[in-house]
Amino acid sequence: MAGRIHTNERQRELFIKKSTRVARSYLNRAKALPGLPDATNPFFDALEDVYIELKDLSEGESKYKKSIGTLCVMVPSELIYAAKARPVRLCSGSYTAYSIGDDYIPRDACPLVKAVMGFGQIQALPAFDQCSLIVAPVTCDCKKKLAGALETVKNIVPVHVPPLKREDADIEIFLRELYRLVPILEEETGEKITARSLAEGICIVGKAQYEMSRFLKYRKHDPALVQGTHVMAVMNAYSYMPAERWTTCMHRLNLEMESRLQKQQFVGKAKQPRILVTGSPIAFPNIKIPLLIEEMGGILAADETCMGERGLYDPVSVIDPGFDGMMRAFASRYTKPCTCPVFVDNSQRIYRIKQMVREHKVQGIVYHVLRGCLVYDYEYQIMEEEFGKMDIPIIRVESDYNEEDVEQLRIRIEAFIELIKLKEYAKHKKGRR
Ligand code: SF4
Ligand code: SF4
């Protein structure tokens, strides 16, 4: 494995120009969708700061000494907050970083790991560069090999994730890994992790989860109170904002949603097709799927992706408030309810999506597969069978980190939306007979 490439200033300038152009164009398209809530501004600003202004995330932040990068939603951010550091989720959708990573990672690997590798090589994204350590759960093969490849340019801590999560013994494996992480984080930050600081970490993340649970009530409303693409931006911003600031901004967004509800101010029409997106992560700036769904006349009523709702859905449940009790609660929370298909048994994932379909009144599912993402692709067939039984249309869309597939995706998504409309119309007509 080669070490970091030697980029000169000119290459870096070109990279920044291209990368900021793509990020700006996606931000502008998202903001141009009707009904942008005023309270989403700080979330869009956070994405702009990272991808366009290329700001140092520690600016104006005196509370956290260090930024710790994470490469999956399975890293307990409570543990990082307990070490007085801020977690930064580094899963990225950058097309420009992807094109650099493509030279270092095999062709058939997924674009997400190529983008992360690209940032490791180019050193042009301060949010990435300032992470003194990256915690990398070993989940799928792409993440496993990425952890090894990144070691040449970053301080990486691979964390073993058990492929099974049914038995207590499986959770014990993950618990041991979390215990191994404790002294590593302490050494990195110079802060002792105690029962008290763990409880503080739980409290910080718990408040964000509380605001998220309030927000979900508004998101379920039919007609829609908010566009799903705007929600994806809010959720992606959680990767880069300290949880306390995100929670404060989310509280304001909830107030705006309540006011919209009171005034019956909707962004969606009563018969607009309500779509759920699931599958491979949708990481900014690669938000073309949610954008296309809503630009083509659908409403993204729910998302079951790890850059979206999944990350903040289940709070940590502490039975024993001692140090070990809280560590056990993390090990359980970050594996058992996780619906990521990297686990062998995934009946839970189908159950969760069915629950979301009911609660969000979903009429169609867009199943997103990033090119090379085998774990999600594997599960498409069972999804098709299960939702076929429920008469919920589902479409598999494969995409990559570039703009070449946009027109083809647009045509397919538009046809899918028309199909849902026709189906709903037929159902309505039948009901009137
Ligand atoms: S898709 Fe699964 S393994 Fe990949 S980042 Fe998300 S939760 Fe982690
Ligand atoms: S789960 Fe899919 S998208 Fe995530 S790293 Fe693995 S292959 Fe890539």
# chains A, B, ... in the order shown; residues from 1 in each chain; ligands from 1

call {"tool": "residues_near_ligand", "arguments": {"ligand": "ligand 2", "cutoff": "6 Å", "atoms": "only C-alpha atoms and all ligand atoms", "output": "list in words"}}
result
Cys110, Leu112, Val113, Cys140, Cys142, Lys143, Ser280, Pro281 and Cys373 of chain A

call {"tool": "write_last_selection", "arguments": {"atoms": "C-alpha atoms", "output": "short mmCIF file (atom, residue, chain, number, x, y, z; two decimals), in the first residue's frame"}}
result
data_model
loop_
_atom_site.label_atom_id
_atom_site.label_comp_id
_atom_site.auth_asym_id
_atom_site.auth_seq_id
_atom_site.Cartn_x
_atom_site.Cartn_y
_atom_site.Cartn_z
CA CYS A 110 -18.01 1.09 -2.90
CA LEU A 112 -18.11 5.77 0.08
CA VAL A 113 -14.83 4.14 1.15
CA CYS A 140 -18.39 -4.95 5.75
CA CYS A 142 -15.00 -2.44 2.26
CA LYS A 143 -14.80 -0.90 5.74
CA SER A 280 -26.71 2.30 1.31
CA PRO A 281 -25.84 5.51 3.18
CA CYS A 373 -22.23 -2.27 -1.76
#

call {"tool": "residues_around", "arguments": {"residues": "Lys144 of chain A", "least_positions_apart": "5", "cutoff": "10 Å", "atoms": "only C-alpha atoms", "output": "PDB file with N, CA, C and O atoms, in the first residue's frame"}}
result
ATOM      1  N   VAL A 113     -16.177   4.360   0.587  1.00  0.00           N
ATOM      2  CA  VAL A 113     -14.835   4.137   1.149  1.00  0.00           C
ATOM      3  C   VAL A 113     -13.778   4.818   0.281  1.00  0.00           C
ATOM      4  O   VAL A 113     -12.753   5.286   0.781  1.00  0.00           O
ATOM      5  N   ALA A 136     -12.799   3.046  13.569  1.00  0.00           N
ATOM      6  CA  ALA A 136     -13.327   2.417  12.352  1.00  0.00           C
ATOM      7  C   ALA A 136     -13.906   1.033  12.645  1.00  0.00           C
ATOM      8  O   ALA A 136     -13.156   0.047  12.705  1.00  0.00           O
ATOM      9  N   PRO A 137     -15.213   0.935  12.852  1.00  0.00           N
ATOM     10  CA  PRO A 137     -15.799  -0.395  13.059  1.00  0.00           C
ATOM     11  C   PRO A 137     -15.582  -1.275  11.830  1.00  0.00           C
ATOM     12  O   PRO A 137     -15.738  -0.824  10.693  1.00  0.00           O
ATOM     13  N   VAL A 138     -15.197  -2.498  12.087  1.00  0.00           N
ATOM     14  CA  VAL A 138     -14.956  -3.435  10.994  1.00  0.00           C
ATOM     15  C   VAL A 138     -16.283  -4.133  10.722  1.00  0.00           C
ATOM     16  O   VAL A 138     -16.665  -5.075  11.411  1.00  0.00           O
ATOM     17  N   THR A 139     -16.997  -3.628   9.733  1.00  0.00           N
ATOM     18  CA  THR A 139     -18.349  -4.120   9.467  1.00  0.00           C
ATOM     19  C   THR A 139     -18.357  -4.934   8.170  1.00  0.00           C
ATOM     20  O   THR A 139     -18.238  -6.140   8.198  1.00  0.00           O
ATOM     21  N   ALA A 149      -6.109   0.348   4.917  1.00  0.00           N
ATOM     22  CA  ALA A 149      -5.505   1.272   3.949  1.00  0.00           C
ATOM     23  C   ALA A 149      -5.279   2.657   4.560  1.00  0.00           C
ATOM     24  O   ALA A 149      -4.263   3.307   4.302  1.00  0.00           O
ATOM     25  N   PRO A 158      -9.259   0.203  14.590  1.00  0.00           N
ATOM     26  CA  PRO A 158     -10.330  -0.677  14.097  1.00  0.00           C
ATOM     27  C   PRO A 158     -11.078  -1.285  15.280  1.00  0.00           C
ATOM     28  O   PRO A 158     -10.479  -1.612  16.299  1.00  0.00           O
ATOM     29  N   VAL A 159     -12.382  -1.388  15.156  1.00  0.00           N
ATOM     30  CA  VAL A 159     -13.203  -1.960  16.237  1.00  0.00           C
ATOM     31  C   VAL A 159     -13.966  -3.151  15.662  1.00  0.00           C
ATOM     32  O   VAL A 159     -14.691  -3.011  14.672  1.00  0.00           O
ATOM     33  N   HIS A 160     -13.762  -4.283  16.287  1.00  0.00           N
ATOM     34  CA  HIS A 160     -14.416  -5.492  15.792  1.00  0.00           C
ATOM     35  C   HIS A 160     -15.920  -5.452  16.103  1.00  0.00           C
ATOM     36  O   HIS A 160     -16.315  -5.228  17.243  1.00  0.00           O
TER      37      HIS A 160
END

call {"tool": "closest_residue", "arguments": {"among": "A:Ile413, A:Val205, A:Val267, A:Cys72", "to": "ligand 1", "atoms": "only C-alpha atoms and all ligand atoms"}}
result
A:Cys72

call {"tool": "residues_around", "arguments": {"residues": "segment 46-51 of chain A", "least_positions_apart": "3", "cutoff": "10 Å", "atoms": "only C-alpha atoms", "output": "VMD selection string"}}
result
chain A and resid 16 19 to 24 27 41 to 43 54 to 57 94 124 to 128 233 to 234 236 to 241 246 284 to 285

call {"tool": "closest_residue", "arguments": {"among": "A:Ala82, A:Val375, A:Ala169, A:Val406", "to": "Ile202 of chain A", "atoms": "only C-alpha atoms"}}
result
A:Ala82

call {"tool": "select_by_dssp", "arguments": {"residues": "segment 129-311 of chain A", "states": "strand (DSSP E)", "output": "count of residues only"}}
result
25

call {"tool": "residues_around", "arguments": {"residues": "Gly69 of chain A", "least_positions_apart": "6", "cutoff": "7 Å", "atoms": "only C-alpha atoms", "output": "PyMOL selection string"}}
result
chain A and resi 87-90+131+133-135

call {"tool": "write_last_selection", "arguments": {"atoms": "all heavy atoms", "output": "short mmCIF file (atom, residue, chain, number, x, y, z; two decimals), in the first residue's frame"}}
result
data_model
loop_
_atom_site.label_atom_id
_atom_site.label_comp_id
_atom_site.auth_asym_id
_atom_site.auth_seq_id
_atom_site.Cartn_x
_atom_site.Cartn_y
_atom_site.Cartn_z
N PRO A 87 -17.31 13.86 18.42
CA PRO A 87 -17.26 12.89 17.32
C PRO A 87 -17.56 13.57 15.99
O PRO A 87 -18.41 14.46 15.93
CB PRO A 87 -18.37 11.90 17.68
CG PRO A 87 -19.27 12.61 18.64
CD PRO A 87 -18.55 13.79 19.21
N VAL A 88 -16.86 13.17 14.95
CA VAL A 88 -17.13 13.69 13.61
C VAL A 88 -17.29 12.48 12.70
O VAL A 88 -16.35 11.69 12.54
CB VAL A 88 -15.97 14.59 13.09
CG1 VAL A 88 -16.30 15.12 11.69
CG2 VAL A 88 -15.70 15.74 14.04
N ARG A 89 -18.48 12.31 12.15
CA ARG A 89 -18.72 11.14 11.28
C ARG A 89 -18.14 11.44 9.90
O ARG A 89 -18.53 12.42 9.26
CB ARG A 89 -20.24 10.90 11.22
CG ARG A 89 -20.66 9.85 10.23
CD ARG A 89 -21.00 8.54 10.88
NE ARG A 89 -21.36 7.57 9.86
CZ ARG A 89 -22.62 7.26 9.54
NH1 ARG A 89 -23.62 7.84 10.18
NH2 ARG A 89 -22.86 6.38 8.59
N LEU A 90 -17.20 10.63 9.47
CA LEU A 90 -16.44 10.95 8.26
C LEU A 90 -16.93 10.23 7.00
O LEU A 90 -16.31 10.37 5.95
CB LEU A 90 -14.95 10.65 8.49
CG LEU A 90 -14.29 11.51 9.58
CD1 LEU A 90 -12.88 11.03 9.85
CD2 LEU A 90 -14.28 12.98 9.20
N CYS A 131 -9.17 15.48 12.65
CA CYS A 131 -9.45 14.33 13.53
C CYS A 131 -8.12 13.66 13.87
O CYS A 131 -7.43 13.17 12.97
CB CYS A 131 -10.39 13.35 12.85
SG CYS A 131 -12.05 14.00 12.69
N LEU A 133 -7.70 11.04 15.54
CA LEU A 133 -7.86 9.59 15.62
C LEU A 133 -9.16 9.23 14.90
O LEU A 133 -10.12 10.00 14.95
CB LEU A 133 -8.01 9.25 17.11
CG LEU A 133 -8.10 7.82 17.54
CD1 LEU A 133 -6.68 7.29 17.71
CD2 LEU A 133 -8.81 7.71 18.87
N ILE A 134 -9.18 8.08 14.25
CA ILE A 134 -10.43 7.64 13.61
C ILE A 134 -10.81 6.26 14.14
O ILE A 134 -10.00 5.33 14.11
CB ILE A 134 -10.30 7.60 12.06
CG1 ILE A 134 -10.02 9.01 11.51
CG2 ILE A 134 -11.55 7.02 11.42
CD1 ILE A 134 -9.86 9.07 10.00
N VAL A 135 -12.02 6.16 14.65
CA VAL A 135 -12.52 4.87 15.14
C VAL A 135 -13.28 4.22 13.97
O VAL A 135 -14.23 4.79 13.44
CB VAL A 135 -13.46 5.05 16.35
CG1 VAL A 135 -13.91 3.69 16.88
CG2 VAL A 135 -12.77 5.86 17.45
#

call {"tool": "residues_around", "arguments": {"residues": "Gly268 of chain A", "least_positions_apart": "3", "cutoff": "9 Å", "atoms": "only C-alpha atoms", "output": "list in words"}}
result
Gly35, Asp222, Pro223, Ala224, Leu225, Val226, Gln227, Lys271, Gln272, Gly298 and Ile299 of chain A

call {"tool": "write_last_selection", "arguments": {"atoms": "all heavy atoms", "output": "PDB file, in the first residue's frame"}}
result
ATOM      1  N   GLY A  35     -40.686  25.270   0.451  1.00  0.00           N
ATOM      2  CA  GLY A  35     -41.018  25.050   1.866  1.00  0.00           C
ATOM      3  C   GLY A  35     -39.829  24.867   2.780  1.00  0.00           C
ATOM      4  O   GLY A  35     -39.945  24.212   3.822  1.00  0.00           O
ATOM      5  N   ASP A 222     -49.305  13.701   7.205  1.00  0.00           N
ATOM      6  CA  ASP A 222     -49.745  13.631   5.816  1.00  0.00           C
ATOM      7  C   ASP A 222     -50.926  14.585   5.654  1.00  0.00           C
ATOM      8  O   ASP A 222     -51.932  14.389   6.323  1.00  0.00           O
ATOM      9  CB  ASP A 222     -50.159  12.182   5.495  1.00  0.00           C
ATOM     10  CG  ASP A 222     -50.620  12.007   4.063  1.00  0.00           C
ATOM     11  OD1 ASP A 222     -50.302  12.857   3.226  1.00  0.00           O
ATOM     12  OD2 ASP A 222     -51.304  10.990   3.788  1.00  0.00           O
ATOM     13  N   PRO A 223     -50.829  15.619   4.828  1.00  0.00           N
ATOM     14  CA  PRO A 223     -49.752  16.024   3.927  1.00  0.00           C
ATOM     15  C   PRO A 223     -48.491  16.453   4.688  1.00  0.00           C
ATOM     16  O   PRO A 223     -48.567  16.866   5.852  1.00  0.00           O
ATOM     17  CB  PRO A 223     -50.349  17.231   3.173  1.00  0.00           C
ATOM     18  CG  PRO A 223     -51.782  17.289   3.510  1.00  0.00           C
ATOM     19  CD  PRO A 223     -51.993  16.517   4.761  1.00  0.00           C
ATOM     20  N   ALA A 224     -47.379  16.402   3.983  1.00  0.00           N
ATOM     21  CA  ALA A 224     -46.083  16.618   4.634  1.00  0.00           C
ATOM     22  C   ALA A 224     -45.873  18.067   5.081  1.00  0.00           C
ATOM     23  O   ALA A 224     -46.287  19.014   4.415  1.00  0.00           O
ATOM     24  CB  ALA A 224     -44.977  16.231   3.671  1.00  0.00           C
ATOM     25  N   LEU A 225     -45.209  18.187   6.248  1.00  0.00           N
ATOM     26  CA  LEU A 225     -44.870  19.516   6.778  1.00  0.00           C
ATOM     27  C   LEU A 225     -43.463  19.924   6.362  1.00  0.00           C
ATOM     28  O   LEU A 225     -43.068  21.080   6.536  1.00  0.00           O
ATOM     29  CB  LEU A 225     -44.937  19.496   8.311  1.00  0.00           C
ATOM     30  CG  LEU A 225     -46.328  19.333   8.924  1.00  0.00           C
ATOM     31  CD1 LEU A 225     -46.227  18.840  10.355  1.00  0.00           C
ATOM     32  CD2 LEU A 225     -47.086  20.648   8.862  1.00  0.00           C
ATOM     33  N   VAL A 226     -42.690  18.962   5.864  1.00  0.00           N
ATOM     34  CA  VAL A 226     -41.285  19.260   5.532  1.00  0.00           C
ATOM     35  C   VAL A 226     -40.836  18.307   4.418  1.00  0.00           C
ATOM     36  O   VAL A 226     -41.305  17.168   4.334  1.00  0.00           O
ATOM     37  CB  VAL A 226     -40.410  19.110   6.808  1.00  0.00           C
ATOM     38  CG1 VAL A 226     -40.469  17.717   7.402  1.00  0.00           C
ATOM     39  CG2 VAL A 226     -38.960  19.525   6.578  1.00  0.00           C
ATOM     40  N   GLN A 227     -39.965  18.819   3.554  1.00  0.00           N
ATOM     41  CA  GLN A 227     -39.424  17.972   2.476  1.00  0.00           C
ATOM     42  C   GLN A 227     -38.367  17.037   3.069  1.00  0.00           C
ATOM     43  O   GLN A 227     -37.537  17.459   3.882  1.00  0.00           O
ATOM     44  CB  GLN A 227     -38.725  18.841   1.413  1.00  0.00           C
ATOM     45  CG  GLN A 227     -39.600  19.893   0.796  1.00  0.00           C
ATOM     46  CD  GLN A 227     -40.262  19.433  -0.499  1.00  0.00           C
ATOM     47  OE1 GLN A 227     -40.201  18.257  -0.860  1.00  0.00           O
ATOM     48  NE2 GLN A 227     -40.908  20.353  -1.170  1.00  0.00           N
ATOM     49  N   LYS A 271     -52.339  14.227  -2.197  1.00  0.00           N
ATOM     50  CA  LYS A 271     -52.185  12.972  -2.960  1.00  0.00           C
ATOM     51  C   LYS A 271     -50.763  12.778  -3.487  1.00  0.00           C
ATOM     52  O   LYS A 271     -50.546  11.975  -4.389  1.00  0.00           O
ATOM     53  CB  LYS A 271     -53.177  12.964  -4.111  1.00  0.00           C
ATOM     54  CG  LYS A 271     -54.612  12.920  -3.611  1.00  0.00           C
ATOM     55  CD  LYS A 271     -55.551  12.310  -4.623  1.00  0.00           C
ATOM     56  CE  LYS A 271     -56.900  11.978  -4.044  1.00  0.00           C
ATOM     57  NZ  LYS A 271     -57.522  13.025  -3.276  1.00  0.00           N
ATOM     58  N   GLN A 272     -49.829  13.491  -2.928  1.00  0.00           N
ATOM     59  CA  GLN A 272     -48.451  13.359  -3.400  1.00  0.00           C
ATOM     60  C   GLN A 272     -47.885  11.991  -2.971  1.00  0.00           C
ATOM     61  O   GLN A 272     -48.010  11.621  -1.798  1.00  0.00           O
ATOM     62  CB  GLN A 272     -47.622  14.470  -2.762  1.00  0.00           C
ATOM     63  CG  GLN A 272     -46.402  14.816  -3.537  1.00  0.00           C
ATOM     64  CD  GLN A 272     -45.814  16.133  -3.046  1.00  0.00           C
ATOM     65  OE1 GLN A 272     -46.292  16.730  -2.092  1.00  0.00           O
ATOM     66  NE2 GLN A 272     -44.773  16.560  -3.705  1.00  0.00           N
ATOM     67  N   GLY A 298     -42.440  13.523  -5.886  1.00  0.00           N
ATOM     68  CA  GLY A 298     -42.749  12.674  -4.732  1.00  0.00           C
ATOM     69  C   GLY A 298     -42.439  13.429  -3.445  1.00  0.00           C
ATOM     70  O   GLY A 298     -41.912  14.540  -3.483  1.00  0.00           O
ATOM     71  N   ILE A 299     -42.795  12.812  -2.330  1.00  0.00           N
ATOM     72  CA  ILE A 299     -42.383  13.394  -1.053  1.00  0.00           C
ATOM     73  C   ILE A 299     -41.626  12.294  -0.299  1.00  0.00           C
ATOM     74  O   ILE A 299     -42.105  11.168  -0.188  1.00  0.00           O
ATOM     75  CB  ILE A 299     -43.574  13.973  -0.244  1.00  0.00           C
ATOM     76  CG1 ILE A 299     -43.077  14.819   0.921  1.00  0.00           C
ATOM     77  CG2 ILE A 299     -44.558  12.939   0.262  1.00  0.00           C
ATOM     78  CD1 ILE A 299     -42.855  16.250   0.585  1.00  0.00           C
TER      79      ILE A 299
END

call {"tool": "select_by_dssp", "arguments": {"residues": "segment 21-69 of chain A", "states": "helix (DSSP H, G or I)", "output": "number ranges by chain"}}
result
A: 21-32, 38-51

call {"tool": "closest_residue", "arguments": {"among": "A:Ala301, A:Leu409, A:Met356, A:Ala243", "to": "Ile204 of chain A", "atoms": "only C-alpha atoms"}}
result
A:Ala243
